[in-house]
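Trainee: Mind looking over this structure? Questions follow.
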Amino acid sequence: NVLSDFFPLMVLYQEKLYSVGKIPGGFIKREGRPTDAATLAARMIDRPMRPMFPEDFKNEVQIVNTVLSVDPDNSPELAAMFGSSLCTSISKIPFDGPIAGVKVGRVNGEFVINPTVEETELTDIELTVAGTSDAINMVEAGSKEVSEDDMLEALMFGHEAIKELCAFENEIISEVGEEKMEYEVLPISDDVRNYVTEYCTKRLDEALRIKDKLTKYNAIDSLKEEIVSKYEEENKDLDPEELNKLLTSVKLVFGEVEYNLFRSIVVKEGMRADGRAMTEIRPISTDIDLLPRTHGSALFTRGETQSLSVTTLGALGEHQILDGLDLETEKRFMLHYNFPQFSVGETGRYGAPGRREIGHGALGERALAQVIPSEEEFPYTIRVVSEVLESNGSSSQASICAGCMSLMAAGVPIKDMVAGIAMGLITEGDKYTILTDIQGMEDHLGDMDFKVAGTKNGICALQMDIKIKGITKEILKEALDKAKTARFKVLENMQTAISKPRSELSKYAPKIKQMKIREDQIKLVIGRGGDVITKIIQDASGVKSVNDKNAIKIDIEDDGRIMLYHNDINVIEKACNMILDITREVEEGKLYNVKVVKIESFGCFVEVWPGCEGLVHISKLAKDRVSKVEDVVHVGDMIVVKAMGVDNKGRLNFSRKDAL
């Protein structure tokens with residue numbers, strides 16, 4: 001469709017759970033909506049491929065990847081990327097490829113291409129890099145606070161492997177590749193091009209220099225509507241199809257003028273459209289505890305971009321269950337990103353999160369996951385939600401900053417503060433200009449969106465998308481260095497709101513206590529059909545049902561670790577004591593103060609503590625011979641006894657005689 005204002009490319013990545021020998025969970029035993037991992041894989045393939053199609057190519061293209069069989073040591077996502085590039089390259093579709101991608105890890109100081117599952121456990125860099133044989137054009141990374149130099153070295157190491165893959169693809173393309181198709185292009189007459197350029201240039205230049213986002217966009221949109229209406233009025237006698245082509249031509253030329261003017265301001269005048277210096281960050285403000293009832297909240301504002309992030313703590317049993325192709329089956333830290341239409345002054349449909357929201361949430365989660373305490377240090381499920389209230393570029397990085405502060409406000413003992421910044425790029429021939437903290441228009445009309453998040457010690461997450469064919473090592477190095485300087489400034493500002501994690505949790509957050517029992521005692525605590533654990537929950541909480549909102553949560557791990565969660569520490573202590581009573585063991589030879597609970601002709605049964613009973617035989621009741629148990633003790637009496645071990649019936653035996 002030559003009248004389309006975008007290239008309708010759709011990349012699909014379809015996970016089939018049979019590929020890893022799994023049956024889908026839930027009631028409907030077939031694959032449903034794509035998992036977040038599948039959506040991220042589709043985005044990862046789309047991003048390096050999209051810039052390689054001609055700008056004037058508007059035919060609809062669908063690339064469908066179906067995962068049929070998976071070896072965990074060989075990434076199905078990267079196999080899909082290779083296949084997507086190869087099938088497009090050998091087809092008639094115009095495509096300036098091939099492209100390829102690899103994963104880069106670093107194990108014991110050595111870089112590894114496409115690390116295995118075992119190597120991934122040991123790596124401090126998880127980098128996915130894609131590009132052509134000439135340059136890198138997509139980066140996605142998470143890392144344990146590595147330096148800019150190390151990350152650059154990892155990128156270049158990955159690119160060498162990409163060159164090999166692209167060479168292999170070219171061998172296949174030369175053998176079976178088809179001649180590229182001719183495609184229809186909308187012709188634009190010189191008259192339209194010259195008139196629109198002359199009519200709009202001066203006023204569009206003025207509009208682009210307006211600092212306020214909405215005022216700027218309104219001025220640009222008004223001018224666009226004006227020139228389109230003018231052509232529509234002057235050519236209303238044309239055939240509707242021809243008129244539509246003419247008006248589309250006018251819009252395209254208007255877009256070209258806007259694109260060229262914007263870039264000219266940056267490259268030739270050496271200034272940005274909003275008047276900032278190239279390395280200048282927009283004004284930042286930070287605040288915490290805006291929402292009194294939540295476990296932790298923080299607001300981060302940078303220019304006209306604002307994120308409100310909220311942290312919620314829950315029991316480990318509330319972790320997310322993953323039903324995908326990965327070996328990982330659950331996740332205890334989540335970051336979710338919401339981007340409502342009102343944040344950019346628009347209306348639109350609302351529903352399930354889209355690809356963009358899932359992608360931005362995953363980037364924020366990857367950045368903050370590097371500083372989240374281990375389960376042993378902080379046995380909670382942690383959920384951070386970023387609500388983007390206003391957006392003019394870099395909302396994902398604002399979400400990282402706000403999310404970090406909300407974690408600290410909630411009392412999560414994170415290892416260090418994390419901040420994020422988005423860098424941009426404008427190229428003009430051999431010249432280029434790198435921009436710090438790009439806003440929406442600089443992203444839309446620029447050549448690169450390069451997001452870097454990290455602590456004062458190093459990089460935690462990296463993401464790069466570009467609209468040109470690729471970028472060089474020199475550009476990458478400069479962008480990383482300038483991002484580091486900017487990140488330090490943002491971190492300094494965040495520390496004015498909160499400098500370290502709170503030592504205490506919110507009064508609304510569930511309190512926790514950990515205890516350890518032997519693995520063979522787990523069945524005693526759970527009981528037959530769960531009757532014992534149910535009684536503990538009900539009695540300790542004072543509720544009739546374990547599903548009551550006031551019921552204590554008790555998680556029992558296979559290794560005997562028990563986590564107890566409740567808002568009231570007294571309830572936790574009560575449940576803890578009940579478990580101790582069940583699992584506590586009587587020590588042979590030790591004296592105990594016990595209660596007589598039952599009289600028999602052969603002796604009496606005594607309760608050492610709730611759930612623990614034993615027998616005092618009639619011959620062990622006193623030093624002298626006893627003819628009748630009631631002559632010595634009665635039900636309810638408290639007596640001192642000595643533990644004598646276990647009899648042949650498995651009963652605990654006690655002696656009052658030996659205690660005396």
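Just so we're on the same page: first chain in the structure tokens is A, next is B, and so on; residues restart at 1 for each chain, and ligands are numbered from 1 in the order they show up.
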I'd like a table as CSV: residues in range 511-571 of chain A with an atom no more than 12 Å from range 354-376 of chain A, each row giving the shortest atom pair and its distance in Å to one decimal, only C-alpha atoms counted, sorted by chain and rising residue number.
Mentor:
```
residue,atom,partner,partner_atom,distance
A:Lys513,CA,A:Glu376,CA,11.8
A:Gln514,CA,A:Glu376,CA,9.7
A:Met515,CA,A:Glu376,CA,11.8
A:Arg561,CA,A:Glu376,CA,10.2
A:Ile562,CA,A:Glu376,CA,11.6
A:Met563,CA,A:Glu376,CA,10.7
```
Trainee: Store the residues of this selection in a file with N, CA and C atoms, as a short mmCIF file (atom, residue, chain, number, x, y, z; two decimals), in the first residue's frame.
Mentor:
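Writing done, so here's again-v9.cif:
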```
data_model
loop_
_atom_site.label_atom_id
_atom_site.label_comp_id
_atom_site.auth_asym_id
_atom_site.auth_seq_id
_atom_site.Cartn_x
_atom_site.Cartn_y
_atom_site.Cartn_z
N LYS A 513 9.24 -14.32 59.34
CA LYS A 513 10.17 -15.02 60.21
C LYS A 513 10.55 -16.32 59.54
N GLN A 514 11.83 -16.65 59.59
CA GLN A 514 12.31 -17.91 59.01
C GLN A 514 12.67 -18.89 60.11
N MET A 515 12.44 -20.16 59.86
CA MET A 515 12.87 -21.20 60.78
C MET A 515 13.25 -22.43 59.95
N ARG A 561 13.22 -25.41 55.08
CA ARG A 561 13.08 -23.99 55.43
C ARG A 561 11.60 -23.63 55.48
N ILE A 562 11.23 -22.89 56.52
CA ILE A 562 9.84 -22.45 56.65
C ILE A 562 9.83 -20.93 56.76
N MET A 563 8.99 -20.27 55.92
CA MET A 563 8.79 -18.82 55.97
C MET A 563 7.37 -18.54 56.42
#
```
Trainee: Please identify all polymer residues within 10 Å of range 247-259 of chain A, counting only C-alpha atoms, omitting same-chain residues fewer than 2 positions from it, and present them as a PDB file with N, CA, C and O atoms, in the first residue's frame.
Mentor:
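Output below, filename out.pdb:
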```pdb
ATOM      1  N   VAL A   2       1.027   1.909  -1.158  1.00  0.00           N
ATOM      2  CA  VAL A   2       1.950   3.050  -1.281  1.00  0.00           C
ATOM      3  C   VAL A   2       1.480   4.258  -0.480  1.00  0.00           C
ATOM      4  O   VAL A   2       2.253   5.177  -0.225  1.00  0.00           O
ATOM      5  N   LEU A   3       0.205   4.260  -0.072  1.00  0.00           N
ATOM      6  CA  LEU A   3      -0.315   5.387   0.690  1.00  0.00           C
ATOM      7  C   LEU A   3      -0.113   5.219   2.192  1.00  0.00           C
ATOM      8  O   LEU A   3      -0.473   6.089   2.975  1.00  0.00           O
ATOM      9  N   SER A   4       0.450   4.084   2.592  1.00  0.00           N
ATOM     10  CA  SER A   4       0.676   3.835   4.015  1.00  0.00           C
ATOM     11  C   SER A   4       1.777   4.764   4.530  1.00  0.00           C
ATOM     12  O   SER A   4       2.736   5.067   3.819  1.00  0.00           O
ATOM     13  N   ASP A   5       1.639   5.212   5.783  1.00  0.00           N
ATOM     14  CA  ASP A   5       2.666   6.081   6.368  1.00  0.00           C
ATOM     15  C   ASP A   5       3.654   5.282   7.222  1.00  0.00           C
ATOM     16  O   ASP A   5       4.449   5.848   7.949  1.00  0.00           O
ATOM     17  N   LEU A 186       5.201   5.631  -4.537  1.00  0.00           N
ATOM     18  CA  LEU A 186       4.368   6.801  -4.793  1.00  0.00           C
ATOM     19  C   LEU A 186       5.235   7.907  -5.391  1.00  0.00           C
ATOM     20  O   LEU A 186       6.159   8.397  -4.735  1.00  0.00           O
ATOM     21  N   PRO A 187       4.961   8.313  -6.646  1.00  0.00           N
ATOM     22  CA  PRO A 187       5.764   9.382  -7.258  1.00  0.00           C
ATOM     23  C   PRO A 187       5.373  10.748  -6.679  1.00  0.00           C
ATOM     24  O   PRO A 187       4.199  11.033  -6.454  1.00  0.00           O
ATOM     25  N   ILE A 188       6.356  11.572  -6.404  1.00  0.00           N
ATOM     26  CA  ILE A 188       6.102  12.923  -5.892  1.00  0.00           C
ATOM     27  C   ILE A 188       6.652  13.920  -6.908  1.00  0.00           C
ATOM     28  O   ILE A 188       7.853  13.904  -7.225  1.00  0.00           O
ATOM     29  N   SER A 189       5.791  14.785  -7.404  1.00  0.00           N
ATOM     30  CA  SER A 189       6.206  15.739  -8.442  1.00  0.00           C
ATOM     31  C   SER A 189       7.094  16.827  -7.847  1.00  0.00           C
ATOM     32  O   SER A 189       7.010  17.149  -6.653  1.00  0.00           O
ATOM     33  N   VAL A 192       5.034  19.731  -6.282  1.00  0.00           N
ATOM     34  CA  VAL A 192       4.549  19.511  -4.909  1.00  0.00           C
ATOM     35  C   VAL A 192       5.709  19.652  -3.922  1.00  0.00           C
ATOM     36  O   VAL A 192       5.595  20.331  -2.895  1.00  0.00           O
ATOM     37  N   ARG A 193       6.828  19.051  -4.265  1.00  0.00           N
ATOM     38  CA  ARG A 193       7.979  19.079  -3.360  1.00  0.00           C
ATOM     39  C   ARG A 193       8.459  20.519  -3.124  1.00  0.00           C
ATOM     40  O   ARG A 193       8.705  20.934  -1.989  1.00  0.00           O
ATOM     41  N   ASN A 194       8.581  21.278  -4.204  1.00  0.00           N
ATOM     42  CA  ASN A 194       9.095  22.647  -4.082  1.00  0.00           C
ATOM     43  C   ASN A 194       8.110  23.553  -3.344  1.00  0.00           C
ATOM     44  O   ASN A 194       8.508  24.355  -2.490  1.00  0.00           O
ATOM     45  N   TYR A 195       6.795  23.417  -3.657  1.00  0.00           N
ATOM     46  CA  TYR A 195       5.802  24.306  -3.050  1.00  0.00           C
ATOM     47  C   TYR A 195       5.675  24.040  -1.543  1.00  0.00           C
ATOM     48  O   TYR A 195       5.685  24.967  -0.735  1.00  0.00           O
ATOM     49  N   VAL A 196       5.542  22.764  -1.188  1.00  0.00           N
ATOM     50  CA  VAL A 196       5.381  22.416   0.233  1.00  0.00           C
ATOM     51  C   VAL A 196       6.619  22.847   1.023  1.00  0.00           C
ATOM     52  O   VAL A 196       6.514  23.396   2.129  1.00  0.00           O
ATOM     53  N   THR A 197       7.796  22.638   0.434  1.00  0.00           N
ATOM     54  CA  THR A 197       9.042  23.020   1.113  1.00  0.00           C
ATOM     55  C   THR A 197       9.082  24.525   1.352  1.00  0.00           C
ATOM     56  O   THR A 197       9.405  24.990   2.455  1.00  0.00           O
ATOM     57  N   GLU A 198       8.750  25.291   0.314  1.00  0.00           N
ATOM     58  CA  GLU A 198       8.784  26.753   0.433  1.00  0.00           C
ATOM     59  C   GLU A 198       7.710  27.259   1.404  1.00  0.00           C
ATOM     60  O   GLU A 198       7.952  28.166   2.208  1.00  0.00           O
ATOM     61  N   TYR A 199       6.525  26.647   1.358  1.00  0.00           N
ATOM     62  CA  TYR A 199       5.392  27.086   2.178  1.00  0.00           C
ATOM     63  C   TYR A 199       5.635  26.825   3.675  1.00  0.00           C
ATOM     64  O   TYR A 199       5.252  27.616   4.529  1.00  0.00           O
ATOM     65  N   CYS A 200       6.288  25.703   3.979  1.00  0.00           N
ATOM     66  CA  CYS A 200       6.346  25.246   5.380  1.00  0.00           C
ATOM     67  C   CYS A 200       7.658  25.514   6.104  1.00  0.00           C
ATOM     68  O   CYS A 200       7.677  25.535   7.343  1.00  0.00           O
ATOM     69  N   THR A 201       8.750  25.686   5.377  1.00  0.00           N
ATOM     70  CA  THR A 201      10.078  25.674   6.014  1.00  0.00           C
ATOM     71  C   THR A 201      10.207  26.673   7.157  1.00  0.00           C
ATOM     72  O   THR A 201      10.605  26.310   8.278  1.00  0.00           O
ATOM     73  N   LEU A 204       7.785  25.937  10.110  1.00  0.00           N
ATOM     74  CA  LEU A 204       8.122  24.659  10.742  1.00  0.00           C
ATOM     75  C   LEU A 204       9.403  24.794  11.559  1.00  0.00           C
ATOM     76  O   LEU A 204       9.524  24.223  12.646  1.00  0.00           O
ATOM     77  N   ASP A 205      10.348  25.584  11.067  1.00  0.00           N
ATOM     78  CA  ASP A 205      11.581  25.834  11.802  1.00  0.00           C
ATOM     79  C   ASP A 205      11.280  26.506  13.145  1.00  0.00           C
ATOM     80  O   ASP A 205      11.859  26.149  14.181  1.00  0.00           O
ATOM     81  N   ALA A 207       8.392  26.330  14.770  1.00  0.00           N
ATOM     82  CA  ALA A 207       7.647  25.381  15.615  1.00  0.00           C
ATOM     83  C   ALA A 207       8.587  24.385  16.293  1.00  0.00           C
ATOM     84  O   ALA A 207       8.410  24.040  17.467  1.00  0.00           O
ATOM     85  N   LEU A 208       9.607  23.931  15.562  1.00  0.00           N
ATOM     86  CA  LEU A 208      10.534  22.942  16.113  1.00  0.00           C
ATOM     87  C   LEU A 208      11.348  23.487  17.287  1.00  0.00           C
ATOM     88  O   LEU A 208      11.871  22.731  18.094  1.00  0.00           O
ATOM     89  N   ILE A 220       3.075  22.113  14.970  1.00  0.00           N
ATOM     90  CA  ILE A 220       3.448  21.299  13.802  1.00  0.00           C
ATOM     91  C   ILE A 220       2.208  20.692  13.158  1.00  0.00           C
ATOM     92  O   ILE A 220       2.043  20.722  11.925  1.00  0.00           O
ATOM     93  N   LEU A 223       0.098  23.308  11.215  1.00  0.00           N
ATOM     94  CA  LEU A 223       0.704  23.653   9.929  1.00  0.00           C
ATOM     95  C   LEU A 223       0.497  22.529   8.918  1.00  0.00           C
ATOM     96  O   LEU A 223       0.197  22.789   7.733  1.00  0.00           O
ATOM     97  N   LYS A 224       0.613  21.289   9.388  1.00  0.00           N
ATOM     98  CA  LYS A 224       0.401  20.143   8.492  1.00  0.00           C
ATOM     99  C   LYS A 224      -1.044  20.110   7.992  1.00  0.00           C
ATOM    100  O   LYS A 224      -1.296  19.907   6.796  1.00  0.00           O
ATOM    101  N   GLU A 225      -1.987  20.310   8.902  1.00  0.00           N
ATOM    102  CA  GLU A 225      -3.408  20.335   8.512  1.00  0.00           C
ATOM    103  C   GLU A 225      -3.676  21.472   7.536  1.00  0.00           C
ATOM    104  O   GLU A 225      -4.467  21.336   6.590  1.00  0.00           O
ATOM    105  N   ILE A 227      -1.604  22.948   5.274  1.00  0.00           N
ATOM    106  CA  ILE A 227      -1.111  22.699   3.917  1.00  0.00           C
ATOM    107  C   ILE A 227      -1.899  21.579   3.232  1.00  0.00           C
ATOM    108  O   ILE A 227      -2.195  21.642   2.037  1.00  0.00           O
ATOM    109  N   VAL A 228      -2.309  20.562   3.998  1.00  0.00           N
ATOM    110  CA  VAL A 228      -3.119  19.476   3.427  1.00  0.00           C
ATOM    111  C   VAL A 228      -4.496  20.007   3.004  1.00  0.00           C
ATOM    112  O   VAL A 228      -4.996  19.701   1.909  1.00  0.00           O
ATOM    113  N   SER A 229      -5.120  20.821   3.864  1.00  0.00           N
ATOM    114  CA  SER A 229      -6.435  21.400   3.544  1.00  0.00           C
ATOM    115  C   SER A 229      -6.353  22.301   2.315  1.00  0.00           C
ATOM    116  O   SER A 229      -7.271  22.330   1.482  1.00  0.00           O
ATOM    117  N   LYS A 230      -5.249  23.026   2.212  1.00  0.00           N
ATOM    118  CA  LYS A 230      -5.059  23.920   1.066  1.00  0.00           C
ATOM    119  C   LYS A 230      -5.034  23.120  -0.233  1.00  0.00           C
ATOM    120  O   LYS A 230      -5.710  23.463  -1.213  1.00  0.00           O
ATOM    121  N   TYR A 231      -4.276  22.027  -0.260  1.00  0.00           N
ATOM    122  CA  TYR A 231      -4.217  21.175  -1.457  1.00  0.00           C
ATOM    123  C   TYR A 231      -5.560  20.496  -1.720  1.00  0.00           C
ATOM    124  O   TYR A 231      -5.975  20.331  -2.872  1.00  0.00           O
ATOM    125  N   GLU A 232      -6.230  20.086  -0.641  1.00  0.00           N
ATOM    126  CA  GLU A 232      -7.532  19.420  -0.798  1.00  0.00           C
ATOM    127  C   GLU A 232      -8.550  20.362  -1.416  1.00  0.00           C
ATOM    128  O   GLU A 232      -9.330  19.973  -2.298  1.00  0.00           O
ATOM    129  N   ASN A 235      -7.786  21.114  -5.159  1.00  0.00           N
ATOM    130  CA  ASN A 235      -7.848  19.965  -6.076  1.00  0.00           C
ATOM    131  C   ASN A 235      -9.075  19.094  -5.823  1.00  0.00           C
ATOM    132  O   ASN A 235      -9.032  17.884  -6.048  1.00  0.00           O
ATOM    133  N   GLU A 242      -6.865   9.776  -6.987  1.00  0.00           N
ATOM    134  CA  GLU A 242      -5.753  10.666  -7.326  1.00  0.00           C
ATOM    135  C   GLU A 242      -5.553  11.726  -6.248  1.00  0.00           C
ATOM    136  O   GLU A 242      -4.423  12.099  -5.918  1.00  0.00           O
ATOM    137  N   LEU A 243      -6.691  12.221  -5.713  1.00  0.00           N
ATOM    138  CA  LEU A 243      -6.607  13.219  -4.640  1.00  0.00           C
ATOM    139  C   LEU A 243      -5.922  12.619  -3.409  1.00  0.00           C
ATOM    140  O   LEU A 243      -5.085  13.271  -2.772  1.00  0.00           O
ATOM    141  N   ASN A 244      -6.266  11.383  -3.121  1.00  0.00           N
ATOM    142  CA  ASN A 244      -5.661  10.704  -1.961  1.00  0.00           C
ATOM    143  C   ASN A 244      -4.149  10.567  -2.141  1.00  0.00           C
ATOM    144  O   ASN A 244      -3.366  10.793  -1.203  1.00  0.00           O
ATOM    145  N   LYS A 245      -3.720  10.246  -3.378  1.00  0.00           N
ATOM    146  CA  LYS A 245      -2.285  10.132  -3.657  1.00  0.00           C
ATOM    147  C   LYS A 245      -1.594  11.480  -3.516  1.00  0.00           C
ATOM    148  O   LYS A 245      -0.480  11.582  -2.985  1.00  0.00           O
ATOM    149  N   LEU A 261      14.945  19.680   8.718  1.00  0.00           N
ATOM    150  CA  LEU A 261      15.103  20.875   9.554  1.00  0.00           C
ATOM    151  C   LEU A 261      15.581  20.506  10.951  1.00  0.00           C
ATOM    152  O   LEU A 261      16.485  21.137  11.501  1.00  0.00           O
ATOM    153  N   PHE A 262      14.948  19.500  11.511  1.00  0.00           N
ATOM    154  CA  PHE A 262      15.304  19.071  12.864  1.00  0.00           C
ATOM    155  C   PHE A 262      16.779  18.689  12.936  1.00  0.00           C
ATOM    156  O   PHE A 262      17.510  19.093  13.846  1.00  0.00           O
ATOM    157  N   ARG A 263      17.227  17.903  11.963  1.00  0.00           N
ATOM    158  CA  ARG A 263      18.609  17.433  11.969  1.00  0.00           C
ATOM    159  C   ARG A 263      19.590  18.566  11.673  1.00  0.00           C
ATOM    160  O   ARG A 263      20.705  18.596  12.185  1.00  0.00           O
ATOM    161  N   SER A 264      19.137  19.527  10.867  1.00  0.00           N
ATOM    162  CA  SER A 264      19.989  20.670  10.553  1.00  0.00           C
ATOM    163  C   SER A 264      20.255  21.519  11.788  1.00  0.00           C
ATOM    164  O   SER A 264      21.370  22.006  12.011  1.00  0.00           O
ATOM    165  N   MET A 441      10.820  13.625  20.279  1.00  0.00           N
ATOM    166  CA  MET A 441      11.094  14.005  18.894  1.00  0.00           C
ATOM    167  C   MET A 441      12.510  13.608  18.476  1.00  0.00           C
ATOM    168  O   MET A 441      12.742  13.225  17.328  1.00  0.00           O
ATOM    169  N   HIS A 444      12.230  10.023  17.652  1.00  0.00           N
ATOM    170  CA  HIS A 444      11.444   9.802  16.438  1.00  0.00           C
ATOM    171  C   HIS A 444      12.207  10.217  15.177  1.00  0.00           C
ATOM    172  O   HIS A 444      12.198   9.505  14.168  1.00  0.00           O
ATOM    173  N   LEU A 445      12.876  11.368  15.217  1.00  0.00           N
ATOM    174  CA  LEU A 445      13.553  11.892  14.030  1.00  0.00           C
ATOM    175  C   LEU A 445      15.058  11.617  14.035  1.00  0.00           C
ATOM    176  O   LEU A 445      15.752  11.949  13.075  1.00  0.00           O
ATOM    177  N   GLY A 446      15.572  11.035  15.114  1.00  0.00           N
ATOM    178  CA  GLY A 446      16.992  10.714  15.194  1.00  0.00           C
ATOM    179  C   GLY A 446      17.298   9.337  14.653  1.00  0.00           C
ATOM    180  O   GLY A 446      16.433   8.639  14.127  1.00  0.00           O
TER     181      GLY A 446
END
```
Trainee: Rank nothing, just name the residue among A:Gly177, A:Gly21, A:Gly403, A:Gly324 nearest to Ala298 in chain A, using only C-alpha atoms.
Mentor: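 Nearest candidate to Ala298 in chain A out of A:Gly177, A:Gly21, A:Gly403, A:Gly324: A:Gly403.
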Trainee: Identify all residues of range 137-231 of chain A in strand (DSSP E or B) (DSSP on the backbone) and supply them as a PyMOL selection string.
Mentor: chain A and resi 137-146
Trainee: Identify which of the residues A:Cys612, A:Leu335, A:Ala38, A:Thr88 lies closest to Val67 in chain A, counting only C-alpha atoms when measuring atom-to-atom distances.
Mentor: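 Of A:Cys612, A:Leu335, A:Ala38, A:Thr88, the one nearest Val67 in chain A, counting only C-alpha atoms, is A:Ala38.
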Trainee: With distances taken over only C-alpha atoms, which of A:Met638, A:Ile582, A:Ala130, A:Asp191 is nearest to Leu246 in chain A?
Mentor: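 Smallest separation from Leu246 in chain A among the options: A:Asp191.
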Trainee: Which residue is closest to Gly296 in chain A? Choose from A:Glu504, A:Asp430, A:Glu269, A:Glu478 and count only C-alpha atoms.
Mentor: A:Glu504
Trainee: Kindly indicate which residue among A:Ile459, A:Gly470, A:Gly109, A:Ala486 lies nearest to Arg282 in chain A, using only C-alpha atoms for the distances.
Mentor: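 Using only C-alpha atoms, Arg282 in chain A sits closest to A:Ala486.
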Trainee: Which residues come within 10 Å of Asp73 in chain A, counting only C-alpha atoms, excluding same-chain residues fewer than 6 positions away, as a PDB file with C-alpha atoms, in the first residue's frame?
Mentor:
```pdb
ATOM      1  CA  ASN A 114      26.338 -18.409  22.845  1.00  0.00           C
ATOM      2  CA  PRO A 115      27.023 -19.676  26.396  1.00  0.00           C
ATOM      3  CA  THR A 116      25.414 -22.936  27.532  1.00  0.00           C
ATOM      4  CA  VAL A 117      22.908 -23.094  30.400  1.00  0.00           C
ATOM      5  CA  GLU A 118      25.740 -24.044  32.759  1.00  0.00           C
ATOM      6  CA  GLU A 119      27.936 -21.163  31.551  1.00  0.00           C
ATOM      7  CA  THR A 120      25.020 -18.721  31.848  1.00  0.00           C
TER       8      THR A 120
END
```
Trainee: Do a neighbour search on Lys16 in chain A at 8 Å with only C-alpha atoms, toss out local chain neighbours closer than 2 positions, and write the hits as a ChimeraX atom specification.
Mentor: /A:14,18-19,31,66-68,325
Trainee: May I have the selected residues written with C-alpha atoms, as a CSV table (one decimal), in the first residue's frame?
Mentor:
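That gives us again-v5.csv:
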```csv
chain,number,residue,atom,x,y,z
A,14,GLN,CA,5.4,-18.9,18.3
A,18,TYR,CA,5.9,-29.8,23.0
A,19,SER,CA,9.3,-28.5,21.8
A,31,GLU,CA,-0.9,-22.7,23.6
A,66,THR,CA,7.5,-21.6,15.0
A,67,VAL,CA,9.7,-23.3,17.6
A,68,LEU,CA,9.4,-27.1,17.0
A,325,LEU,CA,10.3,-22.9,26.9
```
